[in-house]
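Structure file query_17.txt (compact mmCIF, C-alpha atoms) follows.
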```txt
# COMPACT_ATOMS: atom_id res chain seq x y z
CA MET Y 1 56.37 94.09 117.97
CA SER Y 2 60.11 93.32 118.09
CA ALA Y 3 62.18 93.53 121.28
CA LEU Y 4 63.94 96.64 119.96
CA GLY Y 5 60.68 98.29 118.97
CA ALA Y 6 59.10 97.47 122.31
CA ALA Y 7 62.08 98.87 124.18
CA GLU Y 8 62.00 102.09 122.16
CA ALA Y 9 58.23 102.43 122.65
CA ALA Y 10 58.50 101.87 126.40
CA ALA Y 11 61.37 104.33 126.65
CA ALA Y 12 59.39 106.95 124.75
CA ALA Y 13 56.33 106.37 126.96
CA ALA Y 14 58.43 106.62 130.10
CA ALA Y 15 60.05 109.83 128.88
CA GLY Y 16 56.69 111.31 127.96
CA GLY Y 17 55.29 110.41 131.39
CA GLY Y 18 58.17 112.03 133.26
CA GLY Y 19 59.78 108.70 134.22
CA GLY Y 20 63.15 110.37 134.77
CA GLY Y 21 66.59 109.33 133.63
CA GLY Y 22 66.87 105.98 135.44
CA PRO Y 23 68.01 102.74 133.82
CA LEU Y 24 65.78 101.33 131.09
CA PHE Y 25 65.81 97.78 132.51
CA ARG Y 26 65.26 97.80 136.28
CA PRO Y 27 65.53 94.74 138.54
CA LEU Y 28 62.12 93.25 139.31
CA SER Y 29 61.23 94.26 142.88
CA ALA Y 30 57.97 94.70 144.79
CA GLU Y 31 59.60 97.52 146.78
CA ASP Y 32 60.38 99.59 143.67
CA GLY Y 33 57.52 102.08 143.56
CA GLU Y 34 58.83 103.79 140.42
CA GLN Y 35 58.79 100.62 138.32
CA ARG Y 36 55.52 100.79 136.45
CA PRO Y 37 54.53 99.39 133.05
CA ALA Y 38 54.31 101.74 130.10
CA GLU Y 39 50.86 101.89 128.48
CA ILE Y 40 50.58 102.21 124.70
CA GLU Y 41 47.38 102.41 122.68
CA SER Y 42 47.47 99.74 119.97
CA LEU Y 43 45.24 97.92 117.52
CA CYS Y 44 43.32 94.82 118.63
CA MET Y 45 43.88 92.04 116.09
CA ASN Y 46 40.58 90.39 117.06
CA CYS Y 47 38.02 93.20 116.57
CA PHE Y 48 40.34 95.81 114.95
CA ARG Y 49 39.49 98.45 117.54
CA ASN Y 50 41.93 100.16 119.85
CA GLY Y 51 43.14 98.42 122.98
CA VAL Y 52 45.98 98.97 125.47
CA THR Y 53 49.39 97.27 125.50
CA ARG Y 54 51.32 97.38 128.78
CA LEU Y 55 55.10 96.93 128.58
CA LEU Y 56 57.35 96.21 131.55
CA LEU Y 57 61.10 96.29 130.95
CA THR Y 58 62.83 94.40 133.73
CA ARG Y 59 65.67 92.05 134.59
CA ILE Y 60 65.46 88.61 136.20
CA PRO Y 61 68.30 86.16 136.97
CA PHE Y 62 69.31 83.69 134.24
CA PHE Y 63 66.96 85.37 131.74
CA LYS Y 64 68.77 88.72 131.78
CA GLU Y 65 66.76 91.64 130.36
CA ILE Y 66 63.20 90.80 129.34
CA ILE Y 67 60.17 92.64 128.05
CA VAL Y 68 56.87 91.52 129.58
CA SER Y 69 53.95 92.66 127.41
CA SER Y 70 50.23 92.39 128.09
CA PHE Y 71 47.45 93.44 125.71
CA ALA Y 72 43.80 93.91 126.68
CA CYS Y 73 40.87 95.09 124.58
CA ASP Y 74 37.84 96.58 126.37
CA SER Y 75 35.68 96.23 123.24
CA CYS Y 76 35.88 92.45 122.74
CA SER Y 77 37.64 91.39 126.00
CA TRP Y 78 40.45 89.73 124.03
CA SER Y 79 43.78 89.57 125.85
CA ASN Y 80 47.28 88.32 125.18
CA THR Y 81 50.53 88.11 127.14
CA GLU Y 82 54.06 87.26 126.08
CA ILE Y 83 57.71 87.52 127.08
CA GLN Y 84 60.52 88.69 124.81
CA SER Y 85 64.20 88.41 125.64
CA ALA Y 86 65.95 91.76 125.38
CA GLY Y 87 69.31 90.52 126.62
CA ARG Y 88 72.26 89.59 124.50
CA ILE Y 89 72.51 86.24 122.73
CA GLN Y 90 74.80 83.90 124.64
CA GLU Y 91 78.10 82.71 123.17
CA GLN Y 92 76.83 79.12 122.93
CA GLY Y 93 73.50 77.43 122.39
CA VAL Y 94 72.00 75.24 125.11
CA ARG Y 95 70.07 71.98 125.06
CA TYR Y 96 68.11 70.74 128.10
CA THR Y 97 67.12 67.04 128.12
CA LEU Y 98 64.79 66.02 130.95
CA ALA Y 99 63.54 62.52 131.73
CA VAL Y 100 59.99 63.11 133.00
CA THR Y 101 59.07 60.30 135.41
CA SER Y 102 56.54 61.79 137.85
CA ARG Y 103 53.82 64.42 138.22
CA GLN Y 104 56.29 66.60 140.13
CA ASP Y 105 58.42 66.84 136.97
CA MET Y 106 55.43 68.35 135.14
CA ASN Y 107 55.55 71.28 137.59
CA ARG Y 108 59.14 72.22 136.73
CA GLU Y 109 59.28 75.83 135.66
CA VAL Y 110 60.60 76.53 132.18
CA VAL Y 111 61.84 79.66 130.45
CA LYS Y 112 61.32 79.10 126.71
CA THR Y 113 62.35 81.82 124.29
CA ASP Y 114 60.70 82.26 120.91
CA CYS Y 115 63.75 80.86 119.09
CA ALA Y 116 63.81 77.63 121.15
CA THR Y 117 62.59 74.26 119.86
CA ALA Y 118 60.68 71.91 122.19
CA ARG Y 119 60.57 68.17 121.42
CA ILE Y 120 59.09 64.97 122.84
CA PRO Y 121 60.83 62.16 120.88
CA GLU Y 122 58.47 59.39 122.08
CA LEU Y 123 55.59 61.02 120.17
CA ASP Y 124 57.69 62.47 117.31
CA PHE Y 125 56.31 65.79 118.54
CA GLU Y 126 58.10 69.09 117.96
CA ILE Y 127 57.30 72.76 118.52
CA PRO Y 128 59.54 74.51 115.96
CA ALA Y 129 61.37 77.74 116.67
CA PHE Y 130 59.52 81.04 116.16
CA THR Y 131 56.09 79.36 116.13
CA GLN Y 132 55.30 80.45 119.70
CA LYS Y 133 56.15 83.54 121.71
CA GLY Y 134 58.57 83.37 124.62
CA VAL Y 135 56.96 82.17 127.83
CA LEU Y 136 57.70 81.56 131.50
CA THR Y 137 55.63 78.47 132.28
CA THR Y 138 55.88 74.81 133.32
CA ILE Y 139 56.30 71.63 131.28
CA GLU Y 140 52.58 70.97 131.76
CA GLY Y 141 51.88 74.50 130.54
CA ILE Y 142 53.85 73.92 127.33
CA ILE Y 143 51.86 70.74 126.65
CA ASP Y 144 48.58 72.57 127.39
CA ARG Y 145 49.48 75.31 124.91
CA ALA Y 146 50.29 72.69 122.26
CA VAL Y 147 46.93 70.97 122.87
CA ALA Y 148 45.08 74.29 122.65
CA GLY Y 149 46.83 75.10 119.38
CA LEU Y 150 45.91 71.74 117.83
CA GLU Y 151 42.28 71.95 119.00
CA GLN Y 152 41.81 75.48 117.65
CA ASP Y 153 40.96 74.51 114.04
CA GLN Y 154 39.48 71.06 114.71
CA PRO Y 155 35.83 72.08 113.94
CA ILE Y 156 36.89 73.22 110.46
CA ARG Y 157 38.96 70.07 109.89
CA ARG Y 158 36.05 67.82 110.88
CA ALA Y 159 33.93 69.53 108.24
CA THR Y 160 36.54 69.46 105.47
CA ASP Y 161 38.72 66.39 106.18
CA GLU Y 162 37.36 64.04 108.82
CA GLU Y 163 40.25 61.57 108.50
CA VAL Y 164 42.88 64.20 109.30
CA ALA Y 165 40.74 65.53 112.15
CA SER Y 166 40.42 62.05 113.70
CA LYS Y 167 44.19 61.54 113.57
CA ILE Y 168 44.75 64.91 115.25
CA ASP Y 169 42.18 63.99 117.92
CA GLU Y 170 44.08 60.77 118.55
CA PHE Y 171 47.36 62.68 118.86
CA ILE Y 172 45.76 65.23 121.22
CA GLY Y 173 44.67 62.31 123.39
CA LYS Y 174 48.29 61.09 123.56
CA LEU Y 175 49.47 64.56 124.61
CA LYS Y 176 46.86 64.71 127.37
CA GLN Y 177 47.92 61.25 128.60
CA LEU Y 178 51.49 62.54 128.95
CA LYS Y 179 50.27 64.92 131.68
CA GLU Y 180 49.29 61.92 133.83
CA VAL Y 181 52.84 60.49 133.46
CA HIS Y 182 51.66 56.86 133.30
CA SER Y 183 55.01 56.15 131.64
CA SER Y 184 58.22 58.16 131.46
CA PHE Y 185 59.05 60.35 128.47
CA THR Y 186 61.77 62.75 127.37
CA PHE Y 187 61.33 66.52 127.15
CA ILE Y 188 63.95 68.46 125.18
CA ILE Y 189 64.42 72.22 124.77
CA ASP Y 190 67.04 73.27 122.22
CA ASP Y 191 67.81 77.00 122.17
CA PRO Y 192 70.55 78.32 119.84
CA SER Y 193 70.45 81.68 121.66
CA GLY Y 194 71.30 80.04 125.01
CA ASN Y 195 68.62 82.00 126.88
CA SER Y 196 66.19 79.19 127.75
CA PHE Y 197 66.17 77.49 131.14
CA VAL Y 198 64.69 74.42 132.85
CA GLU Y 199 64.36 74.31 136.64
CA ASN Y 200 66.54 72.01 138.71
CA PRO Y 201 64.49 71.39 141.90
CA HIS Y 202 67.47 69.69 143.57
CA ALA Y 203 69.78 72.71 143.21
CA PRO Y 204 72.55 73.10 144.17
CA GLN Y 205 72.93 69.31 143.89
CA LYS Y 206 73.13 67.65 140.49
CA ASP Y 207 69.83 66.59 138.91
CA ASP Y 208 70.31 63.10 137.48
CA ALA Y 209 67.16 63.44 135.37
CA LEU Y 210 68.29 66.69 133.70
CA VAL Y 211 71.15 66.89 131.20
CA VAL Y 212 72.39 70.33 130.16
CA ALA Y 213 74.60 70.51 127.06
CA ARG Y 214 76.09 73.65 125.57
CA TYR Y 215 77.18 73.68 121.95
CA ARG Y 216 78.58 75.88 119.23
CA ARG Y 217 75.94 77.22 116.86
CA THR Y 218 75.92 76.11 113.22
CA PRO Y 219 76.03 78.78 110.47
CA GLN Y 220 72.34 78.09 109.80
CA GLN Y 221 71.41 78.68 113.46
CA ALA Y 222 73.51 81.86 113.56
CA ALA Y 223 71.75 83.14 110.42
CA MET Y 224 68.37 82.30 111.99
CA LEU Y 225 69.28 84.51 114.97
CA GLY Y 226 70.45 87.31 112.68
CA LEU Y 227 74.15 86.85 113.51
CA GLU Y 228 76.63 87.47 110.71
CA GLY Y 229 79.51 85.05 110.28
CA GLU Y 230 82.92 86.45 111.08
CA GLU Y 231 85.66 85.90 108.56
CA LEU Y 232 88.92 85.26 110.33
CA ASP Y 233 91.97 86.80 108.73
CA GLU Y 234 94.88 84.48 108.28
CA THR Y 235 97.63 85.31 110.74
CA PRO Y 236 101.22 84.78 109.62
CA ALA Y 237 103.10 82.14 111.57
CA ASP Y 238 105.83 84.58 112.59
CA SER Y 239 103.33 86.78 114.47
CA ALA Y 240 102.89 84.29 117.36
CA GLU Y 241 105.72 85.90 119.30
CA ASP Y 242 104.18 89.35 118.83
CA LEU Y 243 100.87 88.09 120.26
CA ARG Y 244 102.62 86.99 123.47
CA ASN Y 245 103.93 90.50 124.03
CA GLU Y 246 100.85 92.46 123.00
CA VAL Y 247 97.49 93.12 124.67
CA LEU Y 248 94.79 93.09 122.00
CA GLN Y 249 91.69 95.22 122.49
CA PHE Y 250 88.34 95.08 120.71
CA ASN Y 251 84.94 96.68 121.19
CA THR Y 252 82.01 94.80 122.74
CA ASN Y 253 78.92 95.39 124.88
CA CYS Y 254 78.68 94.98 128.64
CA PRO Y 255 76.75 91.77 129.51
CA GLU Y 256 75.02 93.56 132.41
CA CYS Y 257 73.98 97.03 131.16
CA ASN Y 258 74.63 96.54 127.42
CA ALA Y 259 76.68 99.75 127.27
CA PRO Y 260 79.74 99.91 124.95
CA ALA Y 261 82.83 98.46 126.62
CA ASN Y 262 86.33 97.26 125.74
CA THR Y 263 87.62 93.71 126.05
CA ASN Y 264 91.35 93.09 126.49
CA MET Y 265 92.89 89.82 125.28
CA LYS Y 266 96.34 88.47 126.15
CA LEU Y 267 98.18 85.24 125.37
CA VAL Y 268 100.01 84.08 128.53
CA GLN Y 269 102.19 81.15 129.52
CA ILE Y 270 101.12 79.42 132.75
CA PRO Y 271 104.16 77.95 134.58
CA HIS Y 272 104.34 74.14 134.58
CA PHE Y 273 101.32 74.01 132.25
CA LYS Y 274 100.65 75.53 128.83
CA GLU Y 275 99.56 78.67 127.02
CA ALA Y 276 96.13 80.20 127.63
CA ILE Y 277 94.20 83.15 126.24
CA ILE Y 278 92.79 85.48 128.93
CA MET Y 279 90.02 87.94 128.01
CA ALA Y 280 88.88 90.62 130.48
CA THR Y 281 86.03 93.11 130.13
CA ASN Y 282 85.63 96.23 132.27
CA CYS Y 283 82.52 98.40 131.92
CA ASP Y 284 82.99 102.10 132.75
CA SER Y 285 79.21 102.65 132.87
CA CYS Y 286 78.14 100.17 135.57
CA GLY Y 287 81.51 98.95 136.89
CA HIS Y 288 80.87 95.32 135.91
CA ARG Y 289 84.00 93.23 135.46
CA THR Y 290 84.35 89.79 133.97
CA ASN Y 291 87.12 87.54 132.70
CA GLU Y 292 87.15 84.45 130.55
CA VAL Y 293 89.85 81.96 129.68
CA LYS Y 294 90.31 79.95 126.50
CA SER Y 295 92.87 77.21 126.04
CA GLY Y 296 95.68 78.24 123.74
CA GLY Y 297 96.58 74.66 122.82
CA ALA Y 298 95.03 71.55 121.39
CA ILE Y 299 92.88 68.95 123.16
CA GLU Y 300 95.16 66.63 125.13
CA PRO Y 301 95.39 62.89 124.22
CA GLN Y 302 93.95 62.04 127.68
CA GLY Y 303 91.52 63.62 130.09
CA THR Y 304 92.65 65.05 133.44
CA ARG Y 305 91.13 64.61 136.89
CA ILE Y 306 92.60 66.87 139.60
CA THR Y 307 91.74 66.24 143.26
CA LEU Y 308 92.74 68.69 146.00
CA ARG Y 309 92.19 68.04 149.69
CA ILE Y 310 91.48 71.45 151.25
CA THR Y 311 93.06 71.45 154.69
CA ASP Y 312 94.34 75.00 155.21
CA PRO Y 313 93.06 78.53 154.51
CA SER Y 314 96.16 79.11 152.37
CA ASP Y 315 94.73 76.64 149.84
CA MET Y 316 92.26 79.36 148.85
CA THR Y 317 95.11 81.31 147.21
CA ARG Y 318 96.00 78.55 144.72
CA ASP Y 319 95.69 79.61 141.09
CA ILE Y 320 93.08 77.78 139.01
CA LEU Y 321 92.54 77.56 135.27
CA LYS Y 322 89.09 76.11 134.62
CA SER Y 323 88.30 75.49 130.96
CA GLU Y 324 84.80 75.42 129.46
CA THR Y 325 84.95 71.61 129.27
CA CYS Y 326 85.77 71.15 132.95
CA SER Y 327 83.27 69.97 135.58
CA VAL Y 328 83.70 70.64 139.30
CA GLU Y 329 82.67 68.39 142.20
CA ILE Y 330 82.68 68.82 145.99
CA PRO Y 331 81.65 65.41 147.42
CA GLU Y 332 81.19 66.67 150.99
CA LEU Y 333 78.47 69.06 149.78
CA GLU Y 334 77.01 66.61 147.23
CA PHE Y 335 77.62 69.35 144.67
CA GLU Y 336 78.52 69.02 141.01
CA LEU Y 337 78.98 71.81 138.45
CA GLY Y 338 78.61 70.57 134.88
CA MET Y 339 80.59 71.37 131.76
CA GLY Y 340 80.00 74.83 130.33
CA ALA Y 341 78.72 76.37 133.58
CA LEU Y 342 80.59 79.57 134.58
CA GLY Y 343 82.58 79.31 131.31
CA GLY Y 344 86.38 79.38 131.29
CA LYS Y 345 88.01 81.10 134.27
CA PHE Y 346 91.51 81.94 135.47
CA THR Y 347 91.20 82.82 139.14
CA THR Y 348 92.00 81.45 142.61
CA LEU Y 349 90.27 78.62 144.43
CA GLU Y 350 88.55 81.18 146.66
CA GLY Y 351 87.37 83.14 143.64
CA LEU Y 352 85.91 80.05 141.95
CA LEU Y 353 84.10 78.94 145.12
CA LYS Y 354 82.60 82.44 145.50
CA ASP Y 355 81.45 82.33 141.87
CA ILE Y 356 79.77 78.98 142.59
CA GLY Y 357 78.02 80.50 145.62
CA GLU Y 358 76.77 83.45 143.55
CA LEU Y 359 75.55 81.10 140.82
CA VAL Y 360 73.50 79.13 143.35
CA GLU Y 361 72.09 82.27 145.02
CA ARG Y 362 70.97 83.69 141.64
CA ASN Y 363 68.71 80.69 140.94
CA PRO Y 364 65.41 82.39 139.93
CA PHE Y 365 63.28 79.50 141.20
CA THR Y 366 64.48 79.99 144.77
CA LEU Y 367 63.42 83.63 144.93
CA GLY Y 368 60.07 85.35 145.39
CA ASP Y 369 56.81 83.49 144.83
CA SER Y 370 58.52 80.60 143.02
CA SER Y 371 60.41 79.45 146.12
CA THR Y 372 59.32 76.97 148.77
CA PRO Y 373 60.50 77.11 152.41
CA GLY Y 374 62.17 73.70 152.27
CA ARG Y 375 64.10 74.47 149.10
CA THR Y 376 65.22 77.88 150.39
CA GLU Y 377 66.44 76.41 153.69
CA LYS Y 378 68.39 73.72 151.82
CA LEU Y 379 70.12 76.32 149.67
CA GLN Y 380 70.95 78.51 152.67
CA GLU Y 381 72.45 75.46 154.39
CA PHE Y 382 74.57 74.78 151.30
CA ILE Y 383 75.77 78.41 151.15
CA GLY Y 384 76.70 78.25 154.84
CA LYS Y 385 78.80 75.10 154.38
CA LEU Y 386 80.48 76.60 151.31
CA ARG Y 387 81.44 79.71 153.29
CA GLN Y 388 82.92 77.53 156.03
CA ILE Y 389 85.16 75.89 153.43
CA ILE Y 390 86.20 79.29 152.04
CA GLU Y 391 87.02 80.57 155.55
CA GLY Y 392 89.08 77.45 156.33
CA LYS Y 393 86.71 76.19 159.04
CA ALA Y 394 85.93 72.92 157.25
CA THR Y 395 87.92 70.44 155.16
CA ALA Y 396 86.70 69.17 151.81
CA HIS Y 397 87.79 67.60 148.55
CA PHE Y 398 87.76 69.77 145.42
CA ILE Y 399 87.68 67.76 142.19
CA MET Y 400 88.16 69.10 138.65
CA ASP Y 401 87.41 66.69 135.79
CA ASP Y 402 88.35 67.94 132.31
CA PRO Y 403 88.03 65.46 129.42
CA ALA Y 404 89.99 67.88 127.20
CA GLY Y 405 92.89 68.04 129.69
CA ASN Y 406 93.07 71.85 129.53
CA SER Y 407 92.45 72.70 133.20
CA TYR Y 408 95.05 73.42 135.86
CA LEU Y 409 95.32 73.73 139.65
CA GLN Y 410 98.48 75.24 141.09
CA ASN Y 411 101.00 72.98 142.82
CA VAL Y 412 102.47 75.22 145.54
CA TYR Y 413 105.34 72.72 146.06
CA ALA Y 414 106.37 72.68 142.36
CA PRO Y 415 108.55 71.17 141.03
CA GLU Y 416 108.16 68.77 143.98
CA GLU Y 417 105.01 66.71 144.50
CA ASP Y 418 102.12 68.23 146.43
CA PRO Y 419 100.92 65.84 149.19
CA GLU Y 420 97.37 67.24 149.04
CA LEU Y 421 97.11 67.37 145.23
CA LYS Y 422 96.45 64.33 143.02
CA VAL Y 423 96.53 64.55 139.22
CA GLU Y 424 95.21 61.57 137.23
CA ARG Y 425 95.24 60.99 133.47
CA TYR Y 426 92.55 58.78 131.96
CA GLU Y 427 91.25 57.58 128.62
CA ARG Y 428 88.12 59.39 127.50
CA THR Y 429 84.87 57.49 126.99
CA PHE Y 430 83.02 57.48 123.67
CA GLU Y 431 80.44 59.89 125.09
CA GLN Y 432 83.15 62.34 126.21
CA ASN Y 433 84.78 62.23 122.77
CA GLU Y 434 81.34 62.84 121.27
CA ASP Y 435 80.84 65.94 123.46
CA LEU Y 436 84.24 67.26 122.32
CA GLY Y 437 83.46 66.51 118.66
CA LEU Y 438 86.38 64.09 118.30
CA ASN Y 439 84.54 60.98 117.05
CA ASP Y 440 83.79 62.54 113.64
CA MET Y 441 87.12 64.34 113.37
CA LYS Y 442 89.68 62.90 110.94
CA THR Y 443 93.16 64.39 111.00
CA GLU Y 444 95.07 61.79 108.95
CA GLY Y 445 94.52 60.43 105.48
CA TYR Y 446 91.69 62.81 104.59
CA GLU Y 447 93.63 64.24 101.61
CA SER Y 448 93.77 60.87 99.82
CA GLU Y 449 90.10 60.15 100.56
CA GLY Y 450 89.08 63.52 99.13
CA ALA Y 451 91.13 62.96 95.98
CA SER Y 452 89.69 59.46 95.41
CA GLY Y 453 86.15 60.82 95.93
CA ARG Y 454 86.66 63.33 93.16
```
Since I need it in another form, could you write the structure as structure tokens?
Amino acid sequence: MSALGAAEAAAAAAAGGGGGGGPLFRPLSAEDGEQRPAEIESLCMNCFRNGVTRLLLTRIPFFKEIIVSSFACDSCSWSNTEIQSAGRIQEQGVRYTLAVTSRQDMNREVVKTDCATARIPELDFEIPAFTQKGVLTTIEGIIDRAVAGLEQDQPIRRATDEEVASKIDEFIGKLKQLKEVHSSFTFIIDDPSGNSFVENPHAPQKDDALVVARYRRTPQQAAMLGLEGEELDETPADSAEDLRNEVLQFNTNCPECNAPANTNMKLVQIPHFKEAIIMATNCDSCGHRTNEVKSGGAIEPQGTRITLRITDPSDMTRDILKSETCSVEIPELEFELGMGALGGKFTTLEGLLKDIGELVERNPFTLGDSSTPGRTEKLQEFIGKLRQIIEGKATAHFIMDDPAGNSYLQNVYAPEEDPELKVERYERTFEQNEDLGLNDMKTEGYESEGASGR
């Protein structure tokens, strides 16, 4: 059953049972007595008799809206559970690369959608997209499911092709050895929809063993997700001035309640910096507001590192333009926010620090049964220190590192130098150019090469 079909079935069941006119996706809460799964009679695919499917439409942090389904058959006792994402597809895909070095890493919780690909390069092992249903499990659980899938048809293989069966047995043995972590290996989840997630047990600090990379989907990946390519109309060169004086508006859906909403877009000139595109969405249904900033110019020849020493509460009012390629670091809190997190933002320093606090508090693995007392206390301590910085009760260094050079922090003394603000330009590394897609980009001489190739 698709996510849309499940949602419609659950809505119909709720309406038939007198569920009222509340929201379709309710936050998951043990105190919500009205949140009950919808029960639908459905066919058992094992004995072909009727069983019962229970559907729970809910919302959890980082995974947005989900549909939790559970099927049970009283006739043959067969059961099945799965998770389907009902939220919107993110603007970028995401790739999690984890270096597994200990048994504790095997217990990391993982949200894997059905369109995500899981890989272990050391074994040339891959779980392709759409071959498994979406699950909320651990790394060990993903390996166990792979082992169970390979062992399922082994009796038939041993009878028909013993050589192939022996090779599969050998490979199953290698997968089981991975669970003991006698040697380190790499676990990769690549999700074009951007809805998968791998736990960072050190949050809010940076996890050196976990690398999170966000990327633009290829046309093939977009087609796999059912997204149609958008053809961009050519804009005449003389219309640039009109864009600066006009607020463009287009229809979209609210990222929180999925109701129709309008997004406004404006090209603005930031003093002492460059042009930027600001997009703001306001939902009339739930009141959710969000804004996003895109750079209106090209990637700069050099990267930019901006360091501000926060010494006064008035520093919280400084304007900030944080691009998607910018990382944020607060050394006093041992905190680092990677590229792509929080997206592009045009706000104040106080607004960005509050967004960071909300991002940390929404970590799903620090809430409910998934949390541990030590981890929760550490996060509460971090939130407390962050609030002290916002209230001006503590000094700290705020560092923005943007390899593309498209981020900005206001100099309140402009055009004079700011004694508390340091702006450094640096040459990008090969890895940074690779992340920005510059190593394979050729802007000169490509016409002659194309002509000679023909």
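Nearest to Gly344 of chain Y of all the residues Y:Thr218, Y:Ser295, Y:Thr311, Y:Ser196 is Y:Ser295, counting all atoms listed in the file.
Of the listed residues Y:Thr317, Y:Thr97, Y:Asn439, Y:Thr53, the one whose atoms come nearest to Asn200 of chain Y is Y:Thr97, with distances taken using all atoms listed in the file.
Nearest to Phe185 of chain Y of all the residues Y:Lys112, Y:Lys133, Y:Arg103, Y:Arg88 is Y:Arg103, counting only C-alpha atoms.
For the pair atom CA of Tyr215 of chain Y and atom CA of Gly93 of chain Y, the interatomic distance is 5.3 Å.
For segment 325-337 of chain Y, the residues within 8 Å (counting all atoms listed in the file, excluding itself and residues fewer than 6 positions away along the chain) are Pro204, Gln205, Lys206, Phe382, Lys385, Leu386, Ala396, His397, Phe398, Ile399, Met400, Asp401, Asp402, Pro403, Ala404 and Ser407 of chain Y.
Across the model, the gap from atom CA of Ile390 of chain Y to atom CA of Glu350 of chain Y is 6.2 Å.
Atom CA of Arg95 of chain Y sits 25.2 Å away from atom CA of His182 of chain Y.
Among Y:Ala148, Y:Ile168, Y:Ala203, Y:Leu225, the residue with the shortest atom-to-atom distance to Ala116 of chain Y, counting all atoms listed in the file, is Y:Leu225.
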Residues within 10 Å of Ser166 of chain Y, please, as a PyMOL selection string. Count only C-alpha atoms; anything in the same chain fewer than 6 positions from it doesn't count.
chain Y and resi 154+157-158+172
Keeping only C-alpha atoms, write the selected residues as a PDB file, in the frame of the given file.
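Written output follows (out35.pdb):
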```
ATOM      1  CA  GLN Y 154      39.480  71.060 114.710  1.00  0.00           C
ATOM      2  CA  ARG Y 157      38.960  70.070 109.890  1.00  0.00           C
ATOM      3  CA  ARG Y 158      36.050  67.820 110.880  1.00  0.00           C
ATOM      4  CA  ILE Y 172      45.760  65.230 121.220  1.00  0.00           C
TER       5      ILE Y 172
END
```
Need the neighbours of (42.8, 86.5, 118.5): which residues are at most 8 Å away, counting all atoms listed in the file, as a PDB file with C-alpha atoms, in the coordinates of the input?
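point-v3.pdb, freshly written:
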```pdb
ATOM      1  CA  MET Y  45      43.880  92.040 116.090  1.00  0.00           C
ATOM      2  CA  ASN Y  46      40.580  90.390 117.060  1.00  0.00           C
ATOM      3  CA  TRP Y  78      40.450  89.730 124.030  1.00  0.00           C
TER       4      TRP Y  78
END
```
Proximity to Thr113 of chain Y - best of Y:Ala213, Y:Ile389, Y:Ile66, Y:Leu267, only C-alpha atoms
Y:Ile66
Surrounding residues of Asp105 of chain Y excluding itself and chain neighbours under 2 positions, 10 Å, all atoms listed in the file, as a PyMOL selection string
chain Y and resi 98-103+107-109+138-140+179+181+199-201+209
Take the residues just selected and output them with C-alpha atoms as a compact mmCIF listing (two decimals), keeping the file's coordinate frame.
```txt
# COMPACT_ATOMS: atom_id res chain seq x y z
CA LEU Y 98 64.79 66.02 130.95
CA ALA Y 99 63.54 62.52 131.73
CA VAL Y 100 59.99 63.11 133.00
CA THR Y 101 59.07 60.30 135.41
CA SER Y 102 56.54 61.79 137.85
CA ARG Y 103 53.82 64.42 138.22
CA ASN Y 107 55.55 71.28 137.59
CA ARG Y 108 59.14 72.22 136.73
CA GLU Y 109 59.28 75.83 135.66
CA THR Y 138 55.88 74.81 133.32
CA ILE Y 139 56.30 71.63 131.28
CA GLU Y 140 52.58 70.97 131.76
CA LYS Y 179 50.27 64.92 131.68
CA VAL Y 181 52.84 60.49 133.46
CA GLU Y 199 64.36 74.31 136.64
CA ASN Y 200 66.54 72.01 138.71
CA PRO Y 201 64.49 71.39 141.90
CA ALA Y 209 67.16 63.44 135.37
```
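Residues surrounding Phe130 of chain Y within 10 Å are Y:Thr113, Y:Asp114, Y:Cys115, Y:Ala116, Y:Thr117, Y:Gly134, Y:Met224 [all atoms listed in the file; sequence separation below 4 positions excluded].
Take the candidates Y:Leu308, Y:Ala341, Y:Cys76, Y:Cys257 and check each one against Gln92 of chain Y using only C-alpha atoms; the shortest distance goes to Y:Ala341.
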Name the residues in contact with Leu349 of chain Y at a cut-off of 8 Å, using only C-alpha atoms, excluding same-chain residues fewer than 2 positions from it; report them as a list in words.
Asp315, Met316, Thr317, Arg318, Asp319, Ile320, Thr347, Gly351, Leu352 and Leu353 of chain Y
